[in-house]
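Peer 1: target.cif is reproduced in full below (mmCIF, C-alpha atoms).
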```
data_work
#
loop_
_atom_site.group_PDB
_atom_site.id
_atom_site.type_symbol
_atom_site.label_atom_id
_atom_site.label_comp_id
_atom_site.auth_asym_id
_atom_site.auth_seq_id
_atom_site.Cartn_x
_atom_site.Cartn_y
_atom_site.Cartn_z
ATOM 1 C CA PRO A 1 271.930 151.213 280.217
ATOM 2 C CA TYR A 2 272.458 148.046 278.251
ATOM 3 C CA ASP A 3 275.440 146.788 280.151
ATOM 4 C CA PHE A 4 277.686 148.063 282.898
ATOM 5 C CA THR A 5 279.790 146.750 285.754
ATOM 6 C CA GLU A 6 278.596 147.008 289.347
ATOM 7 C CA ASN A 7 280.598 145.451 292.190
ATOM 8 C CA GLY A 8 282.591 143.496 289.612
ATOM 9 C CA LYS A 9 279.515 141.936 288.025
ATOM 10 C CA ALA A 10 277.912 142.511 284.629
ATOM 11 C CA GLN A 11 274.562 144.295 284.927
ATOM 12 C CA GLY A 12 272.052 145.969 282.636
ATOM 13 C CA PHE A 13 269.194 145.402 280.225
ATOM 14 C CA SER A 14 271.061 143.286 277.663
ATOM 15 C CA VAL A 15 272.883 141.244 280.293
ATOM 16 C CA GLU A 16 269.677 140.238 282.033
ATOM 17 C CA TYR A 17 267.898 139.640 278.730
ATOM 18 C CA LEU A 18 270.653 137.248 277.658
ATOM 19 C CA GLN A 19 270.610 135.544 281.058
ATOM 20 C CA LEU A 20 266.907 134.915 280.627
ATOM 21 C CA LEU A 21 267.566 133.348 277.235
ATOM 22 C CA ALA A 22 270.375 131.230 278.675
ATOM 23 C CA GLN A 23 267.967 129.834 281.269
ATOM 24 C CA LYS A 24 265.543 128.840 278.521
ATOM 25 C CA LEU A 25 268.379 127.247 276.538
ATOM 26 C CA ASP A 26 269.885 125.594 279.634
ATOM 27 C CA ILE A 27 273.372 126.952 278.933
ATOM 28 C CA LYS A 28 275.843 128.776 281.187
ATOM 29 C CA LEU A 29 277.176 132.210 280.277
ATOM 30 C CA GLU A 30 280.452 133.860 281.228
ATOM 31 C CA PHE A 31 280.494 137.629 280.712
ATOM 32 C CA ILE A 32 283.763 139.263 279.650
ATOM 33 C CA GLN A 33 283.819 142.936 280.638
ATOM 34 C CA LYS A 34 285.790 145.191 278.309
ATOM 35 C CA GLU A 35 285.148 148.121 275.981
ATOM 36 C CA PHE A 36 282.959 147.231 272.991
ATOM 37 C CA ASN A 37 285.688 147.780 270.395
ATOM 38 C CA GLU A 38 287.954 145.301 272.174
ATOM 39 C CA LEU A 39 285.138 142.775 272.615
ATOM 40 C CA TYR A 40 284.276 143.106 268.931
ATOM 41 C CA LYS A 41 287.851 142.342 267.918
ATOM 42 C CA MET A 42 287.917 139.347 270.256
ATOM 43 C CA ALA A 43 284.725 137.972 268.718
ATOM 44 C CA VAL A 44 286.064 138.444 265.188
ATOM 45 C CA ALA A 45 289.210 136.571 266.284
ATOM 46 C CA LYS A 46 286.980 133.717 267.592
ATOM 47 C CA LYS A 47 287.916 134.402 271.223
ATOM 48 C CA LEU A 48 284.292 135.148 272.136
ATOM 49 C CA ASP A 49 281.130 133.310 271.159
ATOM 50 C CA VAL A 50 278.480 136.004 271.552
ATOM 51 C CA LEU A 51 278.169 139.795 271.476
ATOM 52 C CA HIS A 52 274.960 141.331 272.776
ATOM 53 C CA THR A 53 273.640 144.743 271.768
ATOM 54 C CA VAL A 54 275.131 144.576 268.294
ATOM 55 C CA VAL A 55 273.719 146.463 265.348
ATOM 56 C CA ASN A 56 273.667 144.618 262.029
ATOM 57 C CA SER A 57 275.421 147.550 260.381
ATOM 58 C CA PRO A 58 277.804 148.229 258.710
ATOM 59 C CA PRO A 59 277.434 145.316 256.267
ATOM 60 C CA GLU A 60 280.920 143.880 256.911
ATOM 61 C CA ARG A 61 279.729 142.657 260.296
ATOM 62 C CA ASN A 62 277.710 139.998 258.483
ATOM 63 C CA LYS A 63 280.991 138.298 257.592
ATOM 64 C CA HIS A 64 281.744 137.569 261.219
ATOM 65 C CA PHE A 65 278.344 137.151 262.906
ATOM 66 C CA ASN A 66 274.992 135.451 262.627
ATOM 67 C CA PHE A 67 272.442 137.878 264.007
ATOM 68 C CA THR A 68 269.236 137.140 265.883
ATOM 69 C CA LYS A 69 266.116 139.169 265.276
ATOM 70 C CA PRO A 70 266.085 142.591 266.988
ATOM 71 C CA TYR A 71 265.121 142.679 270.654
ATOM 72 C CA LYS A 72 265.313 146.461 271.163
ATOM 73 C CA ARG A 73 264.956 149.638 269.140
ATOM 74 C CA ALA A 74 267.513 152.270 270.145
ATOM 75 C CA ALA A 75 267.281 155.884 269.022
ATOM 76 C CA SER A 76 270.192 158.294 269.273
ATOM 77 C CA ALA A 77 270.114 161.670 270.999
ATOM 78 C CA LEU A 78 272.138 164.840 270.493
ATOM 79 C CA ILE A 79 273.703 166.062 273.734
ATOM 80 C CA THR A 80 275.191 169.519 274.207
ATOM 81 C CA ARG A 81 275.745 171.997 277.043
ATOM 82 C CA ASP A 82 272.921 173.705 278.861
ATOM 83 C CA GLY A 83 272.163 177.098 277.367
ATOM 84 C CA GLU A 84 273.406 176.297 273.855
ATOM 85 C CA THR A 85 269.944 176.226 272.335
ATOM 86 C CA GLN A 86 271.174 176.857 268.780
ATOM 87 C CA PHE A 87 271.829 173.140 268.308
ATOM 88 C CA LYS A 88 268.456 171.770 267.214
ATOM 89 C CA ASP A 89 269.615 169.108 264.759
ATOM 90 C CA LEU A 90 272.722 167.813 263.011
ATOM 91 C CA THR A 91 272.787 170.635 260.456
ATOM 92 C CA ALA A 92 273.414 173.099 263.321
ATOM 93 C CA PHE A 93 276.734 171.348 264.026
ATOM 94 C CA SER A 94 278.251 172.415 260.710
ATOM 95 C CA GLY A 95 281.884 173.317 261.413
ATOM 96 C CA LYS A 96 281.556 171.986 264.973
ATOM 97 C CA LYS A 97 282.904 168.962 266.851
ATOM 98 C CA LEU A 98 280.820 165.940 267.796
ATOM 99 C CA ALA A 99 282.028 163.146 270.084
ATOM 100 C CA VAL A 100 280.961 159.717 268.798
ATOM 101 C CA ILE A 101 282.019 156.119 269.383
ATOM 102 C CA LYS A 102 283.484 155.026 266.042
ATOM 103 C CA SER A 103 281.785 151.626 266.065
ATOM 104 C CA GLU A 104 278.336 153.237 266.413
ATOM 105 C CA VAL A 105 275.938 153.694 263.493
ATOM 106 C CA ALA A 106 276.064 157.475 264.007
ATOM 107 C CA TRP A 107 279.762 157.639 263.070
ATOM 108 C CA SER A 108 279.368 156.253 259.552
ATOM 109 C CA TYR A 109 276.082 158.079 258.999
ATOM 110 C CA ILE A 110 277.430 161.516 259.954
ATOM 111 C CA GLN A 111 280.686 160.891 258.097
ATOM 112 C CA GLU A 112 278.727 160.198 254.918
ATOM 113 C CA HIS A 113 275.950 162.801 255.143
ATOM 114 C CA TYR A 114 277.498 165.662 257.168
ATOM 115 C CA THR A 115 281.045 166.002 255.918
ATOM 116 C CA ASP A 116 281.456 169.462 257.476
ATOM 117 C CA ILE A 117 281.076 168.080 261.009
ATOM 118 C CA THR A 118 284.320 167.102 262.755
ATOM 119 C CA LEU A 119 283.932 163.724 264.432
ATOM 120 C CA VAL A 120 285.942 163.156 267.614
ATOM 121 C CA GLU A 121 286.440 159.469 268.385
ATOM 122 C CA VAL A 122 285.777 158.356 271.964
ATOM 123 C CA SER A 123 286.047 154.960 273.637
ATOM 124 C CA ASN A 124 282.747 155.071 275.534
ATOM 125 C CA ASN A 125 279.699 157.211 276.283
ATOM 126 C CA GLU A 126 281.101 158.455 279.585
ATOM 127 C CA GLU A 127 284.083 159.946 277.755
ATOM 128 C CA ALA A 128 281.771 161.588 275.219
ATOM 129 C CA LEU A 129 279.745 163.275 277.958
ATOM 130 C CA MET A 130 282.888 164.372 279.771
ATOM 131 C CA LEU A 131 284.215 166.099 276.632
ATOM 132 C CA VAL A 132 280.902 167.942 276.321
ATOM 133 C CA THR A 133 280.921 169.128 279.939
ATOM 134 C CA LEU A 134 284.575 170.230 279.654
ATOM 135 C CA ASN A 135 283.775 172.245 276.509
ATOM 136 C CA GLN A 136 286.227 170.212 274.426
ATOM 137 C CA VAL A 137 283.539 169.286 271.893
ATOM 138 C CA ASP A 138 280.302 170.996 270.923
ATOM 139 C CA GLY A 139 278.136 167.947 271.385
ATOM 140 C CA ALA A 140 277.882 164.165 271.466
ATOM 141 C CA VAL A 141 275.709 161.491 269.888
ATOM 142 C CA ILE A 142 274.621 158.883 272.442
ATOM 143 C CA GLU A 143 271.743 156.405 272.546
ATOM 144 C CA PHE A 144 268.875 158.178 274.311
ATOM 145 C CA SER A 145 268.230 155.857 277.274
ATOM 146 C CA VAL A 146 271.967 155.442 277.928
ATOM 147 C CA ALA A 147 272.517 159.213 277.900
ATOM 148 C CA ASN A 148 269.563 159.754 280.197
ATOM 149 C CA TYR A 149 270.939 157.196 282.672
ATOM 150 C CA LEU A 150 274.513 158.531 282.633
ATOM 151 C CA ILE A 151 273.469 162.168 283.027
ATOM 152 C CA ALA A 152 271.439 161.241 286.098
ATOM 153 C CA GLN A 153 274.126 158.885 287.423
ATOM 154 C CA TYR A 154 276.899 161.483 287.250
ATOM 155 C CA GLU A 155 274.624 164.476 287.966
ATOM 156 C CA LEU A 156 275.703 166.357 284.857
ATOM 157 C CA ALA A 157 273.512 169.403 285.342
ATOM 158 C CA ASN A 158 275.224 171.412 282.592
ATOM 159 C CA THR A 159 274.168 169.054 279.799
ATOM 160 C CA LEU A 160 271.138 169.425 277.531
ATOM 161 C CA PHE A 161 269.259 167.121 275.173
ATOM 162 C CA ALA A 162 269.487 169.223 272.019
ATOM 163 C CA MET A 163 267.384 166.619 270.232
ATOM 164 C CA ASP A 164 265.819 163.752 272.155
ATOM 165 C CA GLU A 165 265.707 161.287 269.280
ATOM 166 C CA PHE A 166 266.549 161.295 265.606
ATOM 167 C CA THR A 167 265.632 158.379 263.399
ATOM 168 C CA GLU A 168 268.555 158.784 261.006
ATOM 169 C CA CYS A 169 270.804 156.952 263.464
ATOM 170 C CA GLU A 170 268.203 154.623 264.882
ATOM 171 C CA LYS A 171 269.519 151.134 265.463
ATOM 172 C CA LEU A 172 267.991 147.734 266.081
ATOM 173 C CA CYS A 173 269.829 145.886 268.804
ATOM 174 C CA LYS A 174 270.526 142.224 268.131
ATOM 175 C CA THR A 175 272.648 139.468 269.550
ATOM 176 C CA GLY A 176 275.565 138.549 267.303
ATOM 177 C CA ILE A 177 276.802 134.967 267.404
ATOM 178 C CA ALA A 178 280.327 134.695 266.044
ATOM 179 C CA THR A 179 280.602 132.292 263.122
ATOM 180 C CA ASN A 180 282.479 129.008 263.519
ATOM 181 C CA THR A 181 282.722 129.141 267.306
ATOM 182 C CA LYS A 182 281.590 126.839 270.109
ATOM 183 C CA LEU A 183 277.959 127.759 269.495
ATOM 184 C CA THR A 184 276.965 125.548 266.593
ATOM 185 C CA HIS A 185 274.459 126.374 263.885
ATOM 186 C CA SER A 186 271.784 124.430 265.756
ATOM 187 C CA TYR A 187 272.326 126.611 268.845
ATOM 188 C CA TYR A 188 271.947 129.719 266.710
ATOM 189 C CA ASN A 189 268.639 128.438 265.335
ATOM 190 C CA LEU A 190 267.458 127.594 268.838
ATOM 191 C CA LEU A 191 268.431 131.034 270.109
ATOM 192 C CA GLY A 192 266.478 132.681 267.305
ATOM 193 C CA THR A 193 263.456 130.525 268.090
ATOM 194 C CA THR A 194 263.682 131.436 271.766
ATOM 195 C CA TYR A 195 263.639 135.149 270.923
ATOM 196 C CA ASP A 196 260.512 134.638 268.825
ATOM 197 C CA GLU A 197 258.771 132.693 271.585
ATOM 198 C CA MET A 198 259.354 135.302 274.279
ATOM 199 C CA ASP A 199 256.777 137.920 275.137
ATOM 200 C CA GLN A 200 259.225 140.653 274.149
ATOM 201 C CA PRO A 201 257.396 143.849 275.239
ATOM 202 C CA GLN A 202 256.523 142.425 278.661
ATOM 203 C CA LYS A 203 259.947 140.860 279.252
ATOM 204 C CA SER A 204 261.733 143.997 278.061
ATOM 205 C CA ILE A 205 259.839 146.211 280.502
ATOM 206 C CA GLU A 206 260.407 143.849 283.422
ATOM 207 C CA ILE A 207 264.126 143.429 282.788
ATOM 208 C CA TYR A 208 264.737 147.111 282.046
ATOM 209 C CA THR A 209 262.987 148.158 285.264
ATOM 210 C CA GLU A 210 264.939 145.634 287.311
ATOM 211 C CA GLY A 211 268.223 146.785 285.779
ATOM 212 C CA ILE A 212 267.532 150.448 286.540
ATOM 213 C CA SER A 213 266.641 149.756 290.151
ATOM 214 C CA LYS A 214 270.006 148.219 290.921
#
```
Is it possible to give me this structure as structure tokens?
Peer 2:
Amino acid sequence: PYDFTENGKAQGFSVEYLQLLAQKLDIKLEFIQKEFNELYKMAVAKKLDVLHTVVNSPPERNKHFNFTKPYKRAASALITRDGETQFKDLTAFSGKKLAVIKSEVAWSYIQEHYTDITLVEVSNNEEALMLVTLNQVDGAVIEFSVANYLIAQYELANTLFAMDEFTECEKLCKTGIATNTKLTHSYYNLLGTTYDEMDQPQKSIEIYTEGISK
């Protein structure tokens, strides 16, 4: 899980990663906790300075953000109901319904390459999984580690990883710094330098483990 709320506080891999960077930069962070789509709109409207766990795709996002180098590779997974073993890949969902967050890479990719799949827009991954368990959609596309965490968290025994990972919708997670906000160009350069200086594999493992244990 990249970010979630626990006891009213922001938690997760990306939150702790950004906190570590803030310590190195000697700046204070205030986390605003809303759905991603709303946060994205706020950042575009210059009401937020930074968005973490942003994918530098689609291209129009480059108009509104300066992106750091990637700090995490995230592969998507196909989730369906237990027992429905016919769904091995995206082609098996021809004529079927897939729950996807519209702002995710998977939405635009499937819309372009699998026009016979009906995409059902959801606000978050929890909603996508719920639609699967309630038999309202045939499957969902969710980032693998997030799906794994949520299935365990909510004890969704009737779900199945139809395909653990597929590279077509792989995304590189970056931090997006909104253009022309309080964070100046020099801060952006410093943030990028800090990412490069960090021992990324070691730090990622430490932070991810700590986030899961909470």
Peer 1: Using the chain letters and numbers from the file, give me the residues hit by the PyMOL selection byres ((chain A and resi 168) around 9), as a count of residues only.
Peer 2: 9
Peer 1: Kindly provide the residues of stretch 94-180 of chain A that approach stretch 47-52 of chain A to within 8 Å, each paired with its closest atom pair and their distance in Å to one decimal, based on all atoms listed in the file, listed by chain and increasing number, as JSON lines.
Peer 2:
```
{"residue": "A:Cys173", "atom": "CA", "partner": "A:His52", "partner_atom": "CA", "distance": 7.9}
{"residue": "A:Lys174", "atom": "CA", "partner": "A:His52", "partner_atom": "CA", "distance": 6.5}
{"residue": "A:Thr175", "atom": "CA", "partner": "A:His52", "partner_atom": "CA", "distance": 4.4}
{"residue": "A:Gly176", "atom": "CA", "partner": "A:Leu51", "partner_atom": "CA", "distance": 5.1}
{"residue": "A:Ile177", "atom": "CA", "partner": "A:Val50", "partner_atom": "CA", "distance": 4.6}
{"residue": "A:Ala178", "atom": "CA", "partner": "A:Asp49", "partner_atom": "CA", "distance": 5.4}
```
Peer 1: Care to translate the PyMOL selection byres ((chain A and resi 72) around 7) into actual residues of this file, as a count of residues only?
Peer 2: 6
Peer 1: Just to confirm, what's the straight-line distance from atom CA of A:Leu150 to atom CA of A:Ala162 in Å (one decimal)?
Peer 2: 15.9 Å
Peer 1: Can you turn the PyMOL selection byres ((chain A and resi 61) around 12) into a concrete residue list for this file, as a list in words?
Peer 2: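 What the PyMOL selection byres ((chain A and resi 61) around 12) grabs from the file is Tyr40, Lys41, Ala43, Val44, Leu51, Val54, Val55, Asn56, Ser57, Pro58, Pro59, Glu60, Asn62, Lys63, His64, Phe65, Asn66, Phe67, Ser103, Gly176, Ile177, Ala178 and Thr179 of chain A.
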Peer 1: Rounded to one decimal, what separation in Å do you get between atom CA of A:Asn125 and atom CA of A:Gln86?
Peer 2: 22.7 Å
Peer 1: Could you jot down the atom CA of A:Val137 to atom CA of A:Val100 separation for me, Å, one decimal place?
Peer 2: 10.4 Å
Peer 1: Determine, using all atoms listed in the file, which residues of stretch 78-180 of chain A have any atom at most 9 Å from an atom of stretch 24-37 of chain A, and tabulate each with its shortest atom pair and distance in Å to one decimal place, rows ordered by chain and then rising number, as JSON lines.
Peer 2:
```
{"residue": "A:Lys102", "atom": "CA", "partner": "A:Asn37", "partner_atom": "CA", "distance": 8.7}
{"residue": "A:Ser103", "atom": "CA", "partner": "A:Asn37", "partner_atom": "CA", "distance": 7.0}
{"residue": "A:Ser123", "atom": "CA", "partner": "A:Glu35", "partner_atom": "CA", "distance": 7.3}
{"residue": "A:Asn124", "atom": "CA", "partner": "A:Glu35", "partner_atom": "CA", "distance": 7.4}
```
Peer 1: Using all atoms listed in the file, find the one residue out of A:Thr5, A:Gln23, A:Thr133, A:Asn180 that sits nearest to A:Asp82.
Peer 2: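 Nearest to A:Asp82: A:Thr133.
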Peer 1: Could you list as a PyMOL selection string every residue that has an atom within 12 Å of (284.0, 160.3, 278.8), using the file's coordinates and counting all atoms listed in the file?
Peer 2: chain A and resi 99-101+120-134+136-137+140+142+147+150-151+154+156
Peer 1: Using all atoms listed in the file, determine which residues lie at most 8 Å from A:Leu160, disregarding the query and same-chain residues fewer than 2 positions distant; provide the list as a PyMOL selection string.
Peer 2: chain A and resi 79-83+158+162
Peer 1: So, with all atoms listed in the file as the atoms that count, which of A:Asn135, A:Gln153, A:Ser94, A:Gln11 lies closest to A:Thr118?
Peer 2: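 Checking each of A:Asn135, A:Gln153, A:Ser94, A:Gln11 against A:Thr118, counting all atoms listed in the file, the winner is A:Ser94.
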